[in-house]
$ cat entry-v2.cif   # mmCIF, C-alpha atoms
data_work
loop_
_atom_site.group_PDB
_atom_site.id
_atom_site.type_symbol
_atom_site.label_atom_id
_atom_site.label_comp_id
_atom_site.auth_asym_id
_atom_site.auth_seq_id
_atom_site.Cartn_x
_atom_site.Cartn_y
_atom_site.Cartn_z
ATOM 1 C CA MET D 1 71.019 -68.891 211.969
ATOM 2 C CA PHE D 2 72.901 -72.175 211.778
ATOM 3 C CA GLU D 3 75.851 -70.925 213.838
ATOM 4 C CA LEU D 4 73.402 -69.597 216.443
ATOM 5 C CA MET D 5 71.929 -73.089 216.677
ATOM 6 C CA MET D 6 75.413 -74.535 217.207
ATOM 7 C CA LYS D 7 76.080 -72.043 220.014
ATOM 8 C CA ILE D 8 72.846 -73.021 221.754
ATOM 9 C CA VAL D 9 73.796 -76.702 221.571
ATOM 10 C CA GLU D 10 77.238 -75.910 223.002
ATOM 11 C CA ASN D 11 76.250 -73.438 225.726
ATOM 12 C CA TYR D 12 72.723 -74.506 226.726
ATOM 13 C CA PRO D 13 72.553 -78.283 226.165
ATOM 14 C CA ASN D 14 70.451 -78.817 229.301
ATOM 15 C CA ILE D 15 67.566 -76.980 227.612
ATOM 16 C CA LEU D 16 67.649 -79.639 224.886
ATOM 17 C CA GLY D 17 67.992 -82.492 227.352
ATOM 18 C CA ILE D 18 71.507 -83.521 226.339
ATOM 19 C CA SER D 19 74.825 -83.632 228.169
ATOM 20 C CA GLY D 20 78.344 -85.039 228.085
ATOM 21 C CA ASN D 21 79.575 -86.547 224.838
ATOM 22 C CA ASP D 22 76.187 -85.985 223.195
ATOM 23 C CA ILE D 23 76.866 -82.252 222.954
ATOM 24 C CA VAL D 24 79.758 -82.544 220.501
ATOM 25 C CA ALA D 25 78.099 -85.478 218.730
ATOM 26 C CA LEU D 26 74.920 -83.450 218.135
ATOM 27 C CA GLN D 27 76.928 -80.570 216.700
ATOM 28 C CA TRP D 28 78.486 -82.962 214.178
ATOM 29 C CA VAL D 29 75.127 -84.485 213.331
ATOM 30 C CA TYR D 30 73.838 -81.035 212.417
ATOM 31 C CA ARG D 31 77.004 -79.908 210.642
ATOM 32 C CA LEU D 32 77.121 -83.004 208.421
ATOM 33 C CA ALA D 33 73.440 -82.570 207.579
ATOM 34 C CA PHE D 34 73.969 -78.857 206.867
ATOM 35 C CA ARG D 35 77.061 -79.336 204.678
ATOM 36 C CA LEU D 36 76.109 -82.566 202.893
ATOM 37 C CA GLY D 37 72.300 -82.493 202.822
ATOM 38 C CA LEU D 38 71.888 -85.835 204.585
ATOM 39 C CA ARG D 39 68.512 -87.255 205.556
ATOM 40 C CA ILE D 40 67.928 -87.936 209.233
ATOM 41 C CA ASP D 41 68.227 -91.722 208.904
ATOM 42 C CA GLU D 42 71.344 -91.325 206.763
ATOM 43 C CA VAL D 43 73.012 -89.467 209.637
ATOM 44 C CA THR D 44 71.869 -91.670 212.504
ATOM 45 C CA GLY D 45 72.836 -94.771 210.518
ATOM 46 C CA ILE D 46 76.473 -93.746 209.954
ATOM 47 C CA ARG D 47 78.759 -96.547 211.111
ATOM 48 C CA LEU D 48 82.439 -96.259 211.920
ATOM 49 C CA ASN D 49 83.276 -98.389 208.895
ATOM 50 C CA ASP D 50 81.193 -96.246 206.524
ATOM 51 C CA PHE D 51 84.361 -94.176 206.076
ATOM 52 C CA ASP D 52 87.286 -94.747 203.746
ATOM 53 C CA SER D 53 90.763 -93.318 204.187
ATOM 54 C CA ALA D 54 94.262 -94.270 203.165
ATOM 55 C CA GLN D 55 95.099 -94.254 206.869
ATOM 56 C CA LEU D 56 92.273 -96.492 208.067
ATOM 57 C CA ARG D 57 92.917 -100.166 208.692
ATOM 58 C CA SER D 58 90.688 -103.052 209.748
ATOM 59 C CA HIS D 59 91.863 -105.791 212.112
ATOM 60 C CA LEU D 60 91.862 -109.094 210.248
ATOM 61 C CA LYS D 61 90.331 -111.072 213.119
ATOM 62 C CA ASN D 62 87.689 -108.791 214.596
ATOM 63 C CA ASN D 63 87.262 -106.105 211.869
ATOM 64 C CA ARG D 64 87.811 -103.351 214.428
ATOM 65 C CA LEU D 65 89.090 -100.144 212.875
ATOM 66 C CA TYR D 66 92.316 -98.388 213.699
ATOM 67 C CA TYR D 67 94.173 -95.588 211.982
ATOM 68 C CA GLU D 68 97.735 -95.752 210.815
ATOM 69 C CA ALA D 69 99.272 -92.317 211.037
ATOM 70 C CA LYS D 70 101.331 -91.099 208.126
ATOM 71 C CA SER D 71 105.025 -91.389 208.933
ATOM 72 C CA ASP D 72 107.430 -88.510 208.487
ATOM 73 C CA PRO D 73 110.004 -89.491 205.827
ATOM 74 C CA LYS D 74 112.503 -87.056 207.375
ATOM 75 C CA ASP D 75 112.370 -88.815 210.730
ATOM 76 C CA THR D 76 114.868 -91.663 210.673
ATOM 77 C CA THR D 77 115.225 -91.967 214.438
ATOM 78 C CA SER D 78 111.921 -93.589 215.251
ATOM 79 C CA ASN D 79 109.380 -95.983 213.843
ATOM 80 C CA GLU D 80 106.643 -93.981 215.535
ATOM 81 C CA SER D 81 104.642 -91.530 213.455
ATOM 82 C CA SER D 82 105.120 -87.811 213.939
ATOM 83 C CA ASN D 83 101.902 -86.932 212.100
ATOM 84 C CA SER D 84 98.692 -88.394 213.488
ATOM 85 C CA ASP D 85 96.261 -86.397 211.344
ATOM 86 C CA ILE D 86 93.943 -88.175 208.913
ATOM 87 C CA GLU D 87 94.462 -86.481 205.559
ATOM 88 C CA ASN D 88 91.383 -87.689 203.694
ATOM 89 C CA LEU D 89 88.108 -89.203 204.811
ATOM 90 C CA VAL D 90 85.320 -90.334 202.487
ATOM 91 C CA LEU D 91 81.831 -90.916 203.895
ATOM 92 C CA LYS D 92 79.818 -93.568 202.060
ATOM 93 C CA ILE D 93 76.025 -93.372 202.223
ATOM 94 C CA HIS D 94 74.562 -96.792 201.472
ATOM 95 C CA SER D 95 72.327 -99.432 203.012
ATOM 96 C CA ASN D 96 73.784 -101.173 206.028
ATOM 97 C CA SER D 97 72.627 -103.182 209.012
ATOM 98 C CA HIS D 98 71.296 -100.015 210.710
ATOM 99 C CA ARG D 99 69.544 -98.295 207.817
ATOM 100 C CA ASN D 100 68.182 -98.735 204.323
ATOM 101 C CA VAL D 101 68.721 -95.890 201.888
ATOM 102 C CA LYS D 102 65.593 -94.403 200.351
ATOM 103 C CA ASN D 103 66.360 -95.652 196.835
ATOM 104 C CA GLU D 104 69.236 -96.536 194.536
ATOM 105 C CA ASN D 105 69.960 -92.871 193.873
ATOM 106 C CA ALA D 106 70.626 -92.322 197.576
ATOM 107 C CA ASN D 107 73.841 -94.346 197.317
ATOM 108 C CA ARG D 108 76.565 -91.717 197.172
ATOM 109 C CA GLN D 109 79.785 -90.628 198.835
ATOM 110 C CA PHE D 110 81.373 -87.422 200.096
ATOM 111 C CA ASP D 111 85.052 -86.630 200.441
ATOM 112 C CA LEU D 112 84.884 -84.640 203.657
ATOM 113 C CA SER D 113 88.224 -82.942 203.009
ATOM 114 C CA TYR D 114 86.360 -80.982 200.313
ATOM 115 C CA PHE D 115 82.869 -80.599 201.769
ATOM 116 C CA LEU D 116 84.026 -79.422 205.196
ATOM 117 C CA ASN D 117 86.201 -76.349 205.558
ATOM 118 C CA PRO D 118 89.774 -77.024 206.804
ATOM 119 C CA ASN D 119 89.012 -76.356 210.474
ATOM 120 C CA GLU D 120 85.821 -78.420 210.366
ATOM 121 C CA PHE D 121 87.618 -81.290 208.661
ATOM 122 C CA LYS D 122 90.426 -81.415 211.214
ATOM 123 C CA GLU D 123 87.982 -81.210 214.127
ATOM 124 C CA PHE D 124 85.764 -83.918 212.663
ATOM 125 C CA CYS D 125 88.751 -86.236 212.128
ATOM 126 C CA ASP D 126 89.742 -85.681 215.763
ATOM 127 C CA PHE D 127 86.178 -86.505 216.814
ATOM 128 C CA TYR D 128 86.096 -89.618 214.623
ATOM 129 C CA LYS D 129 89.505 -90.879 215.817
ATOM 130 C CA LYS D 130 88.269 -90.974 219.411
ATOM 131 C CA TYR D 131 86.145 -93.969 218.462
ATOM 132 C CA LEU D 132 89.012 -95.820 216.757
ATOM 133 C CA ALA D 133 91.960 -97.776 218.031
ATOM 134 C CA ALA D 134 95.242 -95.934 217.563
ATOM 135 C CA SER D 135 97.190 -99.044 216.594
ATOM 136 C CA LEU D 136 96.870 -102.681 215.590
ATOM 137 C CA SER D 137 97.615 -103.805 219.142
ATOM 138 C CA GLU D 138 94.851 -101.566 220.517
ATOM 139 C CA ALA D 139 92.418 -102.929 217.942
ATOM 140 C CA GLU D 140 93.177 -106.392 219.295
ATOM 141 C CA LEU D 141 91.669 -105.449 222.657
ATOM 142 C CA GLN D 142 89.434 -102.411 222.189
ATOM 143 C CA VAL D 143 85.653 -102.728 222.184
ATOM 144 C CA GLN D 144 84.212 -100.475 219.473
ATOM 145 C CA ASN D 145 80.779 -99.012 218.898
ATOM 146 C CA THR D 146 79.272 -99.869 215.546
ATOM 147 C CA LEU D 147 77.550 -96.505 215.076
ATOM 148 C CA LEU D 148 79.246 -93.128 215.104
ATOM 149 C CA PHE D 149 76.208 -91.446 216.688
ATOM 150 C CA THR D 150 73.827 -92.905 219.266
ATOM 151 C CA PHE D 151 70.742 -90.771 218.572
ATOM 152 C CA GLU D 152 67.504 -92.442 217.521
ATOM 153 C CA ASN D 153 65.517 -90.771 214.743
ATOM 154 C CA GLN D 154 62.574 -89.868 216.972
ATOM 155 C CA GLN D 155 64.855 -88.506 219.696
ATOM 156 C CA LEU D 156 66.806 -86.420 217.193
ATOM 157 C CA SER D 157 63.600 -85.070 215.636
ATOM 158 C CA LYS D 158 62.358 -83.955 219.062
ATOM 159 C CA ILE D 159 65.649 -82.249 219.965
ATOM 160 C CA THR D 160 65.777 -80.494 216.595
ATOM 161 C CA ARG D 161 62.215 -79.242 216.946
ATOM 162 C CA SER D 162 63.049 -77.787 220.371
ATOM 163 C CA LEU D 163 66.156 -76.143 218.948
ATOM 164 C CA PHE D 164 64.220 -74.458 216.150
ATOM 165 C CA ASN D 165 61.639 -73.290 218.707
ATOM 166 C CA LEU D 166 64.404 -71.602 220.712
ATOM 167 C CA VAL D 167 66.011 -69.928 217.705
ATOM 168 C CA LEU D 168 62.738 -68.713 216.180
ATOM 169 C CA GLY D 169 61.109 -67.822 219.496
ATOM 170 C CA THR D 170 57.950 -69.725 218.601
ATOM 171 C CA SER D 171 56.664 -73.238 218.066
ATOM 172 C CA ASP D 172 54.431 -72.037 215.231
ATOM 173 C CA HIS D 173 56.646 -73.140 212.346
ATOM 174 C CA SER D 174 57.206 -76.134 210.076
ATOM 175 C CA TYR D 175 60.984 -76.513 210.417
ATOM 176 C CA THR D 176 62.293 -80.025 211.043
ATOM 177 C CA PHE D 177 65.621 -81.823 210.677
ATOM 178 C CA HIS D 178 64.927 -81.931 206.941
ATOM 179 C CA ALA D 179 65.522 -78.158 206.786
ATOM 180 C CA PHE D 180 69.274 -78.775 206.923
ATOM 181 C CA ARG D 181 68.978 -80.809 203.733
ATOM 182 C CA HIS D 182 67.166 -77.950 201.994
ATOM 183 C CA SER D 183 69.861 -75.511 203.133
ATOM 184 C CA ALA D 184 72.606 -77.738 201.737
ATOM 185 C CA ALA D 185 70.878 -77.982 198.339
ATOM 186 C CA SER D 186 70.414 -74.214 198.148
ATOM 187 C CA HIS D 187 73.986 -73.429 199.190
ATOM 188 C CA LEU D 188 75.530 -75.965 196.811
ATOM 189 C CA ALA D 189 73.400 -74.625 193.938
ATOM 190 C CA ILE D 190 74.685 -71.115 194.623
ATOM 191 C CA LEU D 191 78.247 -72.418 194.878
ATOM 192 C CA LEU D 192 77.987 -74.194 191.513
ATOM 193 C CA LYS D 193 76.182 -71.518 189.507
ATOM 194 C CA GLY D 194 76.297 -68.254 191.456
ATOM 195 C CA SER D 195 78.567 -65.246 191.078
ATOM 196 C CA HIS D 196 81.289 -64.505 193.618
ATOM 197 C CA GLN D 197 79.130 -61.760 195.123
ATOM 198 C CA LEU D 198 76.132 -64.073 195.510
ATOM 199 C CA ILE D 199 78.223 -66.828 197.101
ATOM 200 C CA CYS D 200 79.667 -64.371 199.622
ATOM 201 C CA SER D 201 76.192 -63.015 200.447
ATOM 202 C CA PHE D 202 74.323 -66.288 200.886
ATOM 203 C CA THR D 203 76.920 -68.773 202.172
ATOM 204 C CA ASP D 204 79.792 -68.883 204.637
ATOM 205 C CA TYR D 205 82.165 -70.339 202.015
ATOM 206 C CA ASP D 206 85.420 -68.467 201.406
ATOM 207 C CA SER D 207 86.862 -68.167 197.891
ATOM 208 C CA ARG D 208 89.511 -70.871 198.317
ATOM 209 C CA PHE D 209 86.965 -73.324 199.716
ATOM 210 C CA VAL D 210 84.572 -72.529 196.855
ATOM 211 C CA GLY D 211 87.229 -73.156 194.229
ATOM 212 C CA ARG D 212 88.305 -76.514 195.670
ATOM 213 C CA LEU D 213 84.796 -77.845 196.248
ATOM 214 C CA LYS D 214 83.454 -76.673 192.893
ATOM 215 C CA LYS D 215 86.381 -78.270 191.055
ATOM 216 C CA HIS D 216 85.849 -81.477 193.038
ATOM 217 C CA ILE D 217 82.116 -81.684 192.303
ATOM 218 C CA LEU D 218 82.504 -80.831 188.620
ATOM 219 C CA GLN D 219 85.539 -82.972 187.897
ATOM 220 C CA ASN D 220 85.515 -84.620 184.452
ATOM 221 C CA ILE D 221 83.045 -82.036 183.110
ATOM 222 C CA ASP D 222 84.692 -80.040 180.325
ATOM 223 C CA HIS D 223 84.480 -76.269 180.202
ATOM 224 C CA ALA D 224 81.832 -76.249 177.466
ATOM 225 C CA SER D 225 79.534 -78.354 179.602
ATOM 226 C CA LEU D 226 79.759 -76.096 182.651
ATOM 227 C CA HIS D 227 76.775 -74.169 181.254
ATOM 228 C CA SER D 228 74.726 -77.299 180.615
ATOM 229 C CA ALA D 229 72.320 -79.414 182.625
ATOM 230 C CA ASP D 230 75.243 -81.683 183.559
ATOM 231 C CA VAL D 231 76.091 -79.344 186.423
ATOM 232 C CA TRP D 232 72.573 -79.553 187.825
ATOM 233 C CA GLN D 233 72.621 -83.325 187.488
ATOM 234 C CA ARG D 234 75.729 -83.431 189.668
ATOM 235 C CA LEU D 235 73.836 -81.501 192.337
ATOM 236 C CA ALA D 236 70.877 -83.891 192.053
ATOM 237 C CA HIS D 237 73.271 -86.811 192.563
ATOM 238 C CA LEU D 238 74.731 -85.228 195.701
ATOM 239 C CA MET D 239 71.216 -84.874 197.076
ATOM 240 C CA GLY D 240 70.361 -88.472 196.187
ATOM 241 C CA HIS D 241 67.719 -87.501 193.602
ATOM 242 C CA GLU D 242 67.105 -89.226 190.284
ATOM 243 C CA ASP D 243 66.896 -85.964 188.355
ATOM 244 C CA PHE D 244 67.261 -82.267 188.969
ATOM 245 C CA ASN D 245 63.529 -81.493 188.654
ATOM 246 C CA VAL D 246 63.002 -82.903 192.170
ATOM 247 C CA THR D 247 65.893 -80.871 193.552
ATOM 248 C CA ALA D 248 64.805 -77.643 191.866
ATOM 249 C CA SER D 249 61.089 -77.897 192.621
ATOM 250 C CA SER D 250 61.357 -78.721 196.330
ATOM 251 C CA TYR D 251 64.829 -77.983 197.677
ATOM 252 C CA ILE D 252 66.440 -74.915 196.121
ATOM 253 C CA HIS D 253 64.719 -71.974 197.795
ATOM 254 C CA HIS D 254 66.919 -69.249 196.297
ATOM 255 C CA LEU D 255 66.352 -70.341 192.695
ATOM 256 C CA ASN D 256 64.753 -67.044 191.541
ATOM 257 C CA ILE D 257 67.639 -65.082 193.075
ATOM 258 C CA LEU D 258 70.142 -67.446 191.479
ATOM 259 C CA ILE D 259 68.486 -67.073 188.079
ATOM 260 C CA ALA D 260 68.493 -63.272 188.375
ATOM 261 C CA ASP D 261 72.166 -63.406 189.300
ATOM 262 C CA MET D 262 72.888 -65.564 186.239
ATOM 263 C CA PHE D 263 71.052 -63.094 183.991
ATOM 264 C CA TYR D 264 73.038 -60.200 185.448
ATOM 265 C CA THR D 265 76.473 -61.806 185.124
ATOM 266 C CA ALA D 266 75.848 -63.275 181.644
ATOM 267 C CA LYS D 267 75.706 -59.790 180.065
ATOM 268 C CA ARG D 268 73.589 -60.880 177.142
ATOM 269 C CA LYS D 269 70.016 -60.297 176.002
ATOM 270 C CA TYR D 270 67.243 -62.817 176.529
ATOM 271 C CA GLN D 271 63.772 -63.174 175.114
ATOM 272 C CA PRO D 272 60.971 -61.787 177.313
ATOM 273 C CA GLU D 273 59.299 -65.221 177.100
ATOM 274 C CA LEU D 274 62.258 -66.795 178.851
ATOM 275 C CA ILE D 275 62.378 -64.223 181.634
ATOM 276 C CA GLY D 276 58.639 -64.450 182.088
ATOM 277 C CA ALA D 277 58.696 -68.245 182.280
ATOM 278 C CA LEU D 278 61.429 -68.203 184.878
ATOM 279 C CA LEU D 279 59.969 -65.522 187.096
ATOM 280 C CA LYS D 280 56.262 -65.589 186.264
ATOM 281 C CA ASN D 281 55.327 -65.813 189.957
ATOM 282 C CA SER D 282 57.198 -62.580 190.702
ATOM 283 C CA LYS D 283 55.023 -59.504 191.193
ATOM 284 C CA ILE D 284 57.631 -57.338 189.479
ATOM 285 C CA ILE D 285 57.772 -59.572 186.428
ATOM 286 C CA ASN D 286 53.994 -59.813 186.245
ATOM 287 C CA ALA D 287 53.774 -56.043 186.268
ATOM 288 C CA GLN D 288 56.295 -55.727 183.434
ATOM 289 C CA PHE D 289 54.987 -58.601 181.300
ATOM 290 C CA LYS D 290 51.213 -58.441 181.719
ATOM 291 C CA SER D 291 50.594 -59.397 178.120
ATOM 292 C CA LEU D 292 53.089 -62.261 178.119
ATOM 293 C CA LYS D 293 51.409 -65.581 177.350
ATOM 294 C CA ILE D 294 53.127 -68.798 178.329
ATOM 295 C CA SER D 295 51.491 -72.168 177.751
ATOM 296 C CA GLU D 296 50.963 -74.256 180.865
ATOM 297 C CA ASP D 297 52.970 -77.165 179.480
ATOM 298 C CA GLU D 298 55.970 -74.966 178.645
ATOM 299 C CA SER D 299 58.023 -75.159 181.822
ATOM 300 C CA ALA D 300 60.825 -72.745 182.608
ATOM 301 C CA PHE D 301 63.268 -75.632 182.679
ATOM 302 C CA ASN D 302 62.354 -76.624 179.101
ATOM 303 C CA ILE D 303 62.721 -73.064 177.863
ATOM 304 C CA LEU D 304 66.102 -72.829 179.579
ATOM 305 C CA GLN D 305 67.312 -75.961 177.872
ATOM 306 C CA LYS D 306 66.169 -74.664 174.466
ATOM 307 C CA SER D 307 67.971 -71.370 175.032
ATOM 308 C CA LYS D 308 71.112 -73.160 176.314
ATOM 309 C CA PHE D 309 71.015 -70.899 179.365
ATOM 310 C CA PHE D 310 72.073 -73.814 181.553
#
$ encode --input "entry-v2.cif" --output "structure tokens"
Amino acid sequence: MFELMMKIVENYPNILGISGNDIVALQWVYRLAFRLGLRIDEVTGIRLNDFDSAQLRSHLKNNRLYYEAKSDPKDTTSNESSNSDIENLVLKIHSNSHRNVKNENANRQFDLSYFLNPNEFKEFCDFYKKYLAASLSEAELQVQNTLLFTFENQQLSKITRSLFNLVLGTSDHSYTFHAFRHSAASHLAILLKGSHQLICSFTDYDSRFVGRLKKHILQNIDHASLHSADVWQRLAHLMGHEDFNVTASSYIHHLNILIADMFYTAKRKYQPELIGALLKNSKIINAQFKSLKISEDESAFNILQKSKFF
């Protein structure tokens, strides 16, 4: 559905009331929200200098940004760079003059070379560079926008609502910009804990992308801890939540499928109480475990922790 939305933005922008440079900008607004799980004000408040890269420089006098292309060590005939691509780009989400983050937990950063696939990353860097000076001398003269995107929150909400109406063929729905954030949480959860088959079925991530991003997110977590709550806490951090209970209860919509997948791939036996606690709202489980009694204060998450399932 997401790629269909992108095609509508690209091919029928007049229906959404946008034109010109706003078409590509809107596609990147949605793609960043979809890949990173950003809130609407986190996206609209992105400034040019909210990015870090080894190739970004700031003019000492006016603080205007320019990029310094990586030189080719084999080229000894010219001082000019032969490689103008930005190789890494880290987006920092934090309070700035255009937005306040929701809370302290919302302060986080994303290395886009991992969270975007290779084609997306290159295209985004090309998009970003258009707003930068290409050299120190250009930065001396160039007038720069402060914000990367020019959409206001209310305007973006209205456009997004119209886009969902077009895709779904009805206005009778509850989808808003926040839906992209829910999608990101669900996809990242599957990436971190799902089997290869589940990842291929529910996301557009290829195996190489999955391996790189998973290793990046879980860096400094030893192998023994990969089955612990530490993994879920990393996901909560990416979403800007204090703990995983918020992420799991409101954002991960494929959690029952993910749990079933984990049961299947683990190839070990579990107590009926555990299965019942995890899937007690399932009609199938209720039919199989009619006599199963689970106390109201015994949450599935607590039982999981006791069984070391996570």
$ residues_around --input "entry-v2.cif" --residues "Ser157 in chain D" --least-positions-apart "6" --cutoff "9 Å" --atoms "all atoms listed in the file" --output "PyMOL selection string"
chain D and resi 40+176-177
$ closest_residue --input "entry-v2.cif" --among "D:Ala133, D:Met5, D:Ile93, D:Val210" --to "Gly45 in chain D" --atoms "all atoms listed in the file"
D:Ile93
$ atom_distance --input "entry-v2.cif" --atom1 "CA of Phe51 in chain D" --atom2 "CA of Ile159 in chain D"
26.2 Å
$ atom_distance --input "entry-v2.cif" --atom1 "CA of Arg181 in chain D" --atom2 "CA of Arg31 in chain D"
10.6 Å
$ closest_residue --input "entry-v2.cif" --among "D:Asp204, D:Glu10, D:Glu87, D:Asp22" --to "Lys122 in chain D" --atoms "only C-alpha atoms"
D:Glu87
$ residues_around --input "entry-v2.cif" --residues "range 239-253 of chain D" --least-positions-apart "6" --cutoff "6 Å" --atoms "all atoms listed in the file" --output "ChimeraX atom specification"
/D:105-106,182,185-186,233
$ closest_residue --input "entry-v2.cif" --among "D:His187, D:Trp232, D:Leu112, D:Glu42" --to "Ile199 in chain D" --atoms "all atoms listed in the file"
D:His187
$ atom_distance --input "entry-v2.cif" --atom1 "CA of Asn119 in chain D" --atom2 "CA of Phe209 in chain D"
11.4 Å
$ residues_around --input "entry-v2.cif" --residues "Ala33 in chain D" --least-positions-apart "3" --cutoff "8 Å" --atoms "only C-alpha atoms" --output "list in words"
Val29, Tyr30, Leu36, Gly37, Leu38, Arg39, Ile40, Val43, Phe180, Arg181 and Ala184 of chain D
$ closest_residue --input "entry-v2.cif" --among "D:Ile15, D:Phe115, D:Leu132, D:Tyr67" --to "Leu32 in chain D" --atoms "all atoms listed in the file"
D:Phe115
$ closest_residue --input "entry-v2.cif" --among "D:Ala54, D:Leu188, D:Met1, D:Leu198" --to "Ala236 in chain D" --atoms "only C-alpha atoms"
D:Leu188
$ resolve_selection --input "entry-v2.cif" --expression "the PyMOL selection byres ((chain D and resi 197) around 12)" --output "PDB file with C-alpha atoms, in the coordinates of the input"
ATOM      1  CA  ILE D 190      74.685 -71.115 194.623  1.00  0.00           C
ATOM      2  CA  LEU D 191      78.247 -72.418 194.878  1.00  0.00           C
ATOM      3  CA  LYS D 193      76.182 -71.518 189.507  1.00  0.00           C
ATOM      4  CA  GLY D 194      76.297 -68.254 191.456  1.00  0.00           C
ATOM      5  CA  SER D 195      78.567 -65.246 191.078  1.00  0.00           C
ATOM      6  CA  HIS D 196      81.289 -64.505 193.618  1.00  0.00           C
ATOM      7  CA  LEU D 198      76.132 -64.073 195.510  1.00  0.00           C
ATOM      8  CA  ILE D 199      78.223 -66.828 197.101  1.00  0.00           C
ATOM      9  CA  CYS D 200      79.667 -64.371 199.622  1.00  0.00           C
ATOM     10  CA  SER D 201      76.192 -63.015 200.447  1.00  0.00           C
ATOM     11  CA  PHE D 202      74.323 -66.288 200.886  1.00  0.00           C
ATOM     12  CA  THR D 203      76.920 -68.773 202.172  1.00  0.00           C
ATOM     13  CA  ASP D 204      79.792 -68.883 204.637  1.00  0.00           C
ATOM     14  CA  TYR D 205      82.165 -70.339 202.015  1.00  0.00           C
ATOM     15  CA  ASP D 206      85.420 -68.467 201.406  1.00  0.00           C
ATOM     16  CA  SER D 207      86.862 -68.167 197.891  1.00  0.00           C
ATOM     17  CA  LEU D 258      70.142 -67.446 191.479  1.00  0.00           C
ATOM     18  CA  ASP D 261      72.166 -63.406 189.300  1.00  0.00           C
ATOM     19  CA  MET D 262      72.888 -65.564 186.239  1.00  0.00           C
ATOM     20  CA  TYR D 264      73.038 -60.200 185.448  1.00  0.00           C
ATOM     21  CA  THR D 265      76.473 -61.806 185.124  1.00  0.00           C
TER      22      THR D 265
END
$ resolve_selection --input "entry-v2.cif" --expression "the PyMOL selection byres ((chain D and resi 9) around 12)" --output "PyMOL selection string"
chain D and resi 2-8+10-31+159-160+162-164+166-167
$ write_last_selection --input "entry-v2.cif" --atoms "C-alpha atoms" --output "CSV table (one decimal), in the coordinates of the input"
chain,number,residue,atom,x,y,z
D,2,PHE,CA,72.9,-72.2,211.8
D,3,GLU,CA,75.9,-70.9,213.8
D,4,LEU,CA,73.4,-69.6,216.4
D,5,MET,CA,71.9,-73.1,216.7
D,6,MET,CA,75.4,-74.5,217.2
D,7,LYS,CA,76.1,-72.0,220.0
D,8,ILE,CA,72.8,-73.0,221.8
D,10,GLU,CA,77.2,-75.9,223.0
D,11,ASN,CA,76.2,-73.4,225.7
D,12,TYR,CA,72.7,-74.5,226.7
D,13,PRO,CA,72.6,-78.3,226.2
D,14,ASN,CA,70.5,-78.8,229.3
D,15,ILE,CA,67.6,-77.0,227.6
D,16,LEU,CA,67.6,-79.6,224.9
D,17,GLY,CA,68.0,-82.5,227.4
D,18,ILE,CA,71.5,-83.5,226.3
D,19,SER,CA,74.8,-83.6,228.2
D,20,GLY,CA,78.3,-85.0,228.1
D,21,ASN,CA,79.6,-86.5,224.8
D,22,ASP,CA,76.2,-86.0,223.2
D,23,ILE,CA,76.9,-82.3,223.0
D,24,VAL,CA,79.8,-82.5,220.5
D,25,ALA,CA,78.1,-85.5,218.7
D,26,LEU,CA,74.9,-83.4,218.1
D,27,GLN,CA,76.9,-80.6,216.7
D,28,TRP,CA,78.5,-83.0,214.2
D,29,VAL,CA,75.1,-84.5,213.3
D,30,TYR,CA,73.8,-81.0,212.4
D,31,ARG,CA,77.0,-79.9,210.6
D,159,ILE,CA,65.6,-82.2,220.0
D,160,THR,CA,65.8,-80.5,216.6
D,162,SER,CA,63.0,-77.8,220.4
D,163,LEU,CA,66.2,-76.1,218.9
D,164,PHE,CA,64.2,-74.5,216.2
D,166,LEU,CA,64.4,-71.6,220.7
D,167,VAL,CA,66.0,-69.9,217.7
$ axis_aligned_box --input "entry-v2.cif" --around "range 242-253 of chain D" --padding-each-side "3 Å" --output "AutoDock Vina command-line options"
--center_x 64.2 --center_y -80.6 --center_z 193.1 --size_x 12.2 --size_y 23.3 --size_z 15.4
$ resolve_selection --input "entry-v2.cif" --expression "the PyMOL selection byres ((chain D and resi 94) around 9)" --output "PDB file with C-alpha atoms, in the coordinates of the input"
ATOM      1  CA  GLU D  42      71.344 -91.325 206.763  1.00  0.00           C
ATOM      2  CA  ASP D  50      81.193 -96.246 206.524  1.00  0.00           C
ATOM      3  CA  LYS D  92      79.818 -93.568 202.060  1.00  0.00           C
ATOM      4  CA  ILE D  93      76.025 -93.372 202.223  1.00  0.00           C
ATOM      5  CA  SER D  95      72.327 -99.432 203.012  1.00  0.00           C
ATOM      6  CA  ASN D  96      73.784-101.173 206.028  1.00  0.00           C
ATOM      7  CA  ARG D  99      69.544 -98.295 207.817  1.00  0.00           C
ATOM      8  CA  ASN D 100      68.182 -98.735 204.323  1.00  0.00           C
ATOM      9  CA  VAL D 101      68.721 -95.890 201.888  1.00  0.00           C
ATOM     10  CA  GLU D 104      69.236 -96.536 194.536  1.00  0.00           C
ATOM     11  CA  ALA D 106      70.626 -92.322 197.576  1.00  0.00           C
ATOM     12  CA  ASN D 107      73.841 -94.346 197.317  1.00  0.00           C
ATOM     13  CA  ARG D 108      76.565 -91.717 197.172  1.00  0.00           C
ATOM     14  CA  GLN D 109      79.785 -90.628 198.835  1.00  0.00           C
TER      15      GLN D 109
END
$ closest_residue --input "entry-v2.cif" --among "D:Arg212, D:Glu68, D:His178, D:Ser58" --to "Asn153 in chain D" --atoms "all atoms listed in the file"
D:His178
$ residues_around --input "entry-v2.cif" --residues "Asp52 in chain D" --least-positions-apart "3" --cutoff "8 Å" --atoms "only C-alpha atoms" --output "PyMOL selection string"
chain D and resi 49+56+89-92
